[in-house]
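Engineer: Okay, handing you the structure first.
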Amino acid sequence: MKMYPWPGDFVEGEPEAPVAVVTLGQRYSFENAAIWGPMKTENLGIEKVVANVISNPNIRYLIVCGREIRGHRSGRSLACLWENGIDENGRIIKAPGAVPYIENLDSQAIHRFREQVEIVDMIDETEVDRIQEKIDELRAKDPGCFGEPYIAIRFTERKTSMEQCTLALHASLDVDPWGEVSTSGVR
Amino acid sequence: MKDVEVVMARENKKMVFDPKGFFVIFLNDGEIVVEHYENVKKEGKLEVETGDLDVVIKGVDAKSICDTIVEMGLVSRLDHATYLGRELEKAEIALRNNTEYTQCEDIYFS
């Protein structure tokens, strides 16, 4: 099984490193971090970050850096999730984003996230050297593994067969009772 | 003589959300990944930018993914279907050319 269950736009580094980095709208490359990548939305983006961070208990710090996303305010909304949690409607409490709802994670996953990591707010920091410096600083004070991985989402492979398709699709026509449509030539 | 009208194409900037839901598209591990989310209502109103993940479709070419989406009945509007076709074709081109793909953004070649 993969260490990070929810695929997305991120780079995997050292699995035993205690630091993960959310780069908001920017793309950077780091050393000595467990995982890093952009996060643009204050709902689905945050859900992916949370699910993947809690699946690696070695991650104890989550740096949020890069320029804040206008409108979505996803960086600040992530910090609010860690600070305040969610209400009974799944809304991130006090989040400034436009649609800051958690739909695909349960409250235990959110609780685990808030316990496992400490958010390091570097929102609007765009100097990669300063961010790398912070990664190295946090790595030096690693508090150790949090415990067992928390798997918040699981994907099960299902085989599909287009032979079972009953729709008339392009050239693969299954329905042509009058024989009017050629299956060769221009689609 | 037959008269045939010629029309200059124009963009329709009006966006209508598909009641069947929406898609998040990205590249991962040499594949195109398409997440389908069902729309959700929050506090009585439809919040169209977040949703309930119900299925993930993976593939390496736009046509197979488009066919699967249609087969599964995940799209109900023509404008949404044409948008998906454009995005998935871009994703396939990016995948083949080993370049970055971000949904709704242009792809660049170095």
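Following the order of the structure tokens, first chain is A, next is B, and so on, with residues numbered from 1 inside each chain and ligands from 1 in the order they appear.
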Can you list, as a list of chain:residue names, every protein, DNA or RNA residue that comes within 12 Å of Asp54 of chain B when you count only C-alpha atoms, leaving out same-chain residues fewer than 4 positions away?
Structural biologist: A:Glu103, A:Asn104, A:Ile153, A:Arg154, A:Phe155, A:Thr156, B:Lys20, B:Gly21, B:Phe22, B:Phe23, B:Val24, B:Val34, B:Glu35, B:His36, B:Tyr37, B:Glu38, B:Asn39, B:Val40, B:Met72, B:Leu74
Engineer: As a ChimeraX atom specification, please: the residues near Ile69 of chain A (cut-off 7 Å, only C-alpha atoms, same-chain neighbours under 6 positions excluded).
Structural biologist: /A:24-25,40
Engineer: Considering only C-alpha atoms, tabulate each residue of chain B that lies at most 12 Å from chain A along with its nearest interatomic pair and the corresponding distance in Å to one decimal; arrange the rows by chain and ascending residue number and present them as a Markdown table.
Structural biologist:
```
| residue | atom | partner | partner_atom | distance |
| --- | --- | --- | --- | --- |
| B:Phe23 | CA | A:Leu44 | CA | 11.4 |
| B:Val24 | CA | A:Leu44 | CA | 9.4 |
| B:Ile25 | CA | A:Gly8 | CA | 9.3 |
| B:Phe26 | CA | A:Gly8 | CA | 7.0 |
| B:Leu27 | CA | A:Asp9 | CA | 7.5 |
| B:Asn28 | CA | A:Gly8 | CA | 6.7 |
| B:Asp29 | CA | A:Pro7 | CA | 8.9 |
| B:Gly30 | CA | A:Pro7 | CA | 11.9 |
| B:Glu31 | CA | A:Pro7 | CA | 10.8 |
| B:Ile32 | CA | A:Gly8 | CA | 10.7 |
| B:Val33 | CA | A:Pro7 | CA | 8.3 |
| B:Val34 | CA | A:Pro7 | CA | 10.4 |
| B:Glu35 | CA | A:Pro7 | CA | 10.0 |
| B:His36 | CA | A:Leu44 | CA | 11.7 |
| B:Tyr37 | CA | A:Leu44 | CA | 9.9 |
| B:Glu38 | CA | A:Glu103 | CA | 10.6 |
| B:Asn39 | CA | A:Glu103 | CA | 10.5 |
| B:Val40 | CA | A:Glu103 | CA | 8.6 |
| B:Lys41 | CA | A:Asn89 | CA | 10.3 |
| B:Lys42 | CA | A:Asn89 | CA | 7.3 |
| B:Glu43 | CA | A:Asn89 | CA | 7.5 |
| B:Gly44 | CA | A:Asn89 | CA | 10.8 |
| B:Lys45 | CA | A:Val99 | CA | 11.6 |
| B:Leu46 | CA | A:Val99 | CA | 10.7 |
| B:Glu47 | CA | A:Val99 | CA | 7.2 |
| B:Val48 | CA | A:Val99 | CA | 8.8 |
| B:Glu49 | CA | A:Val99 | CA | 6.9 |
| B:Thr50 | CA | A:Asn43 | CA | 6.2 |
| B:Gly51 | CA | A:Glu103 | CA | 6.5 |
| B:Asp52 | CA | A:Glu103 | CA | 5.9 |
| B:Leu53 | CA | A:Asn104 | CA | 6.7 |
| B:Asp54 | CA | A:Asn104 | CA | 9.6 |
| B:Val55 | CA | A:Phe155 | CA | 8.8 |
| B:Val56 | CA | A:Phe155 | CA | 8.2 |
| B:Ile57 | CA | A:Glu157 | CA | 9.6 |
| B:Lys58 | CA | A:Glu157 | CA | 9.9 |
| B:Gly59 | CA | A:Thr160 | CA | 11.5 |
| B:Lys63 | CA | A:His170 | CA | 10.1 |
| B:Ser64 | CA | A:Met162 | CA | 9.1 |
| B:Ile65 | CA | A:Met162 | CA | 11.0 |
| B:Cys66 | CA | A:Leu169 | CA | 10.1 |
| B:Asp67 | CA | A:Leu169 | CA | 7.3 |
| B:Thr68 | CA | A:Met162 | CA | 7.8 |
| B:Ile69 | CA | A:Met162 | CA | 11.3 |
| B:Val70 | CA | A:Leu167 | CA | 8.5 |
| B:Glu71 | CA | A:Cys165 | CA | 6.4 |
| B:Met72 | CA | A:Cys165 | CA | 9.2 |
| B:Gly73 | CA | A:Leu167 | CA | 10.2 |
| B:Glu100 | CA | A:Asp9 | CA | 10.0 |
| B:Tyr101 | CA | A:Asp9 | CA | 9.7 |
| B:Thr102 | CA | A:Asp9 | CA | 9.1 |
| B:Gln103 | CA | A:Asp9 | CA | 11.2 |
```
Engineer: Which of chain B counts as alpha helix (DSSP H) under DSSP, as an MDAnalysis selection string please?
Structural biologist: chainID B and resid 62:71 78:96
Engineer: Rounded to one decimal, what separation in Å do you get between atom CA of Ala94 of chain B and atom CA of Tyr108 of chain B?
Structural biologist: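 Between atom CA of Ala94 of chain B and atom CA of Tyr108 of chain B the gap is 8.4 Å.
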Engineer: Would you list, as a list in words, the residues of chain A that end up in strand (DSSP E) under DSSP run on this structure's backbone?
Structural biologist: Val11, Glu12, Val19, Ala20, Val21, Val22, Ile35, Trp36, Gly37, Tyr61, Leu62, Ile63, Val64, Cys65, Gly66, Glu118, Ile119, Val120, Asp121, Met122 and Ile123 of chain A
Engineer: Could you turn the residues from that selection into a file that holds all heavy atoms, as a compact mmCIF listing (two decimals), in the first residue's frame?
Structural biologist:
```txt
# COMPACT_ATOMS: atom_id res chain seq x y z
N VAL A 11 4.98 16.06 -4.25
CA VAL A 11 6.24 15.34 -4.43
C VAL A 11 6.56 14.63 -3.12
O VAL A 11 6.46 15.22 -2.04
CB VAL A 11 7.38 16.33 -4.77
CG1 VAL A 11 8.72 15.58 -4.92
CG2 VAL A 11 7.05 17.11 -6.04
N GLU A 12 6.94 13.37 -3.23
CA GLU A 12 7.34 12.61 -2.04
C GLU A 12 8.85 12.73 -1.84
O GLU A 12 9.61 12.55 -2.78
CB GLU A 12 6.96 11.14 -2.20
CG GLU A 12 5.47 10.90 -2.22
CD GLU A 12 5.11 9.44 -2.31
OE1 GLU A 12 5.75 8.62 -1.62
OE2 GLU A 12 4.18 9.11 -3.07
N VAL A 19 8.74 16.84 8.58
CA VAL A 19 8.19 18.09 8.04
C VAL A 19 7.51 17.85 6.69
O VAL A 19 8.08 17.22 5.80
CB VAL A 19 9.29 19.15 7.86
CG1 VAL A 19 8.68 20.49 7.44
CG2 VAL A 19 10.11 19.31 9.13
N ALA A 20 6.28 18.37 6.56
CA ALA A 20 5.58 18.43 5.26
C ALA A 20 5.40 19.91 4.92
O ALA A 20 5.35 20.75 5.83
CB ALA A 20 4.24 17.73 5.35
N VAL A 21 5.31 20.22 3.64
CA VAL A 21 5.22 21.62 3.23
C VAL A 21 4.10 21.81 2.21
O VAL A 21 4.07 21.14 1.17
CB VAL A 21 6.55 22.12 2.61
CG1 VAL A 21 6.50 23.64 2.41
CG2 VAL A 21 7.75 21.73 3.46
N VAL A 22 3.19 22.71 2.53
CA VAL A 22 2.16 23.15 1.58
C VAL A 22 2.65 24.46 0.96
O VAL A 22 2.95 25.41 1.69
CB VAL A 22 0.81 23.37 2.31
CG1 VAL A 22 -0.14 24.20 1.46
CG2 VAL A 22 0.18 22.04 2.67
N ILE A 35 7.11 15.42 2.33
CA ILE A 35 6.19 15.58 1.19
C ILE A 35 5.94 17.07 1.03
O ILE A 35 5.91 17.81 2.01
CB ILE A 35 4.88 14.79 1.45
CG1 ILE A 35 3.91 14.89 0.26
CG2 ILE A 35 4.21 15.20 2.75
CD1 ILE A 35 2.68 13.98 0.41
N TRP A 36 5.78 17.52 -0.21
CA TRP A 36 5.45 18.93 -0.44
C TRP A 36 4.69 19.08 -1.75
O TRP A 36 4.78 18.23 -2.64
CB TRP A 36 6.70 19.80 -0.44
CG TRP A 36 7.71 19.48 -1.51
CD1 TRP A 36 7.77 20.00 -2.77
CD2 TRP A 36 8.80 18.56 -1.42
NE1 TRP A 36 8.83 19.46 -3.47
CE2 TRP A 36 9.49 18.58 -2.66
CE3 TRP A 36 9.28 17.72 -0.41
CZ2 TRP A 36 10.61 17.79 -2.91
CZ3 TRP A 36 10.40 16.94 -0.67
CH2 TRP A 36 11.06 16.98 -1.90
N GLY A 37 3.94 20.17 -1.85
CA GLY A 37 3.20 20.45 -3.07
C GLY A 37 2.22 21.58 -2.89
O GLY A 37 2.00 22.05 -1.77
N TYR A 61 5.27 18.37 11.68
CA TYR A 61 5.16 19.80 11.37
C TYR A 61 4.64 19.97 9.95
O TYR A 61 5.05 19.24 9.04
CB TYR A 61 6.51 20.50 11.48
CG TYR A 61 7.16 20.39 12.83
CD1 TYR A 61 8.21 19.52 13.04
CD2 TYR A 61 6.71 21.17 13.90
CE1 TYR A 61 8.82 19.40 14.28
CE2 TYR A 61 7.32 21.06 15.15
CZ TYR A 61 8.36 20.19 15.33
OH TYR A 61 8.96 20.08 16.57
N LEU A 62 3.75 20.93 9.78
CA LEU A 62 3.24 21.25 8.44
C LEU A 62 3.46 22.74 8.18
O LEU A 62 2.77 23.59 8.76
CB LEU A 62 1.75 20.89 8.35
CG LEU A 62 1.06 21.16 7.00
CD1 LEU A 62 1.78 20.45 5.86
CD2 LEU A 62 -0.39 20.72 7.06
N ILE A 63 4.43 23.02 7.35
CA ILE A 63 4.71 24.42 6.98
C ILE A 63 3.73 24.83 5.88
O ILE A 63 3.53 24.10 4.90
CB ILE A 63 6.16 24.57 6.46
CG1 ILE A 63 7.17 24.25 7.57
CG2 ILE A 63 6.39 25.96 5.90
CD1 ILE A 63 8.62 24.22 7.10
N VAL A 64 3.10 25.98 6.05
CA VAL A 64 2.21 26.53 5.02
C VAL A 64 2.89 27.80 4.49
O VAL A 64 3.05 28.77 5.23
CB VAL A 64 0.82 26.85 5.58
CG1 VAL A 64 -0.11 27.30 4.45
CG2 VAL A 64 0.23 25.65 6.29
N CYS A 65 3.30 27.77 3.23
CA CYS A 65 4.07 28.89 2.67
C CYS A 65 3.62 29.16 1.24
O CYS A 65 2.71 28.51 0.72
CB CYS A 65 5.56 28.58 2.72
SG CYS A 65 6.01 27.12 1.76
N GLY A 66 4.28 30.12 0.62
CA GLY A 66 3.88 30.53 -0.73
C GLY A 66 2.80 31.60 -0.64
O GLY A 66 2.22 31.84 0.43
N GLU A 118 1.84 20.20 14.03
CA GLU A 118 1.81 21.62 14.39
C GLU A 118 1.94 22.40 13.08
O GLU A 118 2.82 22.12 12.27
CB GLU A 118 2.99 21.94 15.31
CG GLU A 118 3.08 23.38 15.74
CD GLU A 118 4.33 23.63 16.57
OE1 GLU A 118 4.72 22.75 17.36
OE2 GLU A 118 4.92 24.71 16.42
N ILE A 119 1.03 23.35 12.89
CA ILE A 119 1.10 24.18 11.68
C ILE A 119 2.12 25.29 11.89
O ILE A 119 2.12 25.96 12.94
CB ILE A 119 -0.28 24.81 11.38
CG1 ILE A 119 -1.30 23.73 10.99
CG2 ILE A 119 -0.17 25.89 10.30
CD1 ILE A 119 -1.43 23.44 9.53
N VAL A 120 2.99 25.47 10.92
CA VAL A 120 3.96 26.55 10.96
C VAL A 120 3.56 27.55 9.88
O VAL A 120 3.66 27.28 8.68
CB VAL A 120 5.39 26.01 10.74
CG1 VAL A 120 6.39 27.16 10.74
CG2 VAL A 120 5.73 24.97 11.80
N ASP A 121 3.03 28.68 10.32
CA ASP A 121 2.45 29.66 9.39
C ASP A 121 3.53 30.51 8.74
O ASP A 121 4.11 31.40 9.36
CB ASP A 121 1.47 30.55 10.17
CG ASP A 121 0.70 31.50 9.26
OD1 ASP A 121 1.10 31.69 8.10
OD2 ASP A 121 -0.31 32.06 9.71
N MET A 122 3.81 30.21 7.46
CA MET A 122 4.73 31.03 6.66
C MET A 122 3.99 31.52 5.41
O MET A 122 4.59 31.68 4.34
CB MET A 122 5.98 30.24 6.28
CG MET A 122 6.84 29.82 7.47
SD MET A 122 8.35 28.92 6.97
CE MET A 122 9.41 30.29 6.45
N ILE A 123 2.69 31.76 5.57
CA ILE A 123 1.88 32.20 4.43
C ILE A 123 2.44 33.52 3.89
O ILE A 123 2.76 34.42 4.65
CB ILE A 123 0.40 32.37 4.86
CG1 ILE A 123 -0.18 31.01 5.26
CG2 ILE A 123 -0.44 32.99 3.74
CD1 ILE A 123 -1.54 31.08 5.94
```
Engineer: Please indicate the distance in Å from atom CA of Arg130 of chain A to atom CA of Ile110 of chain A, rounded to one decimal place.
Structural biologist: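 Pair atom CA of Arg130 of chain A / atom CA of Ile110 of chain A returns 28.9 Å.
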Engineer: Do a neighbour search on Ala62 of chain B at 10 Å with only C-alpha atoms, toss out local chain neighbours closer than 4 positions, and write the hits as a ChimeraX atom specification.
Structural biologist: /B:32,66-68,84-93
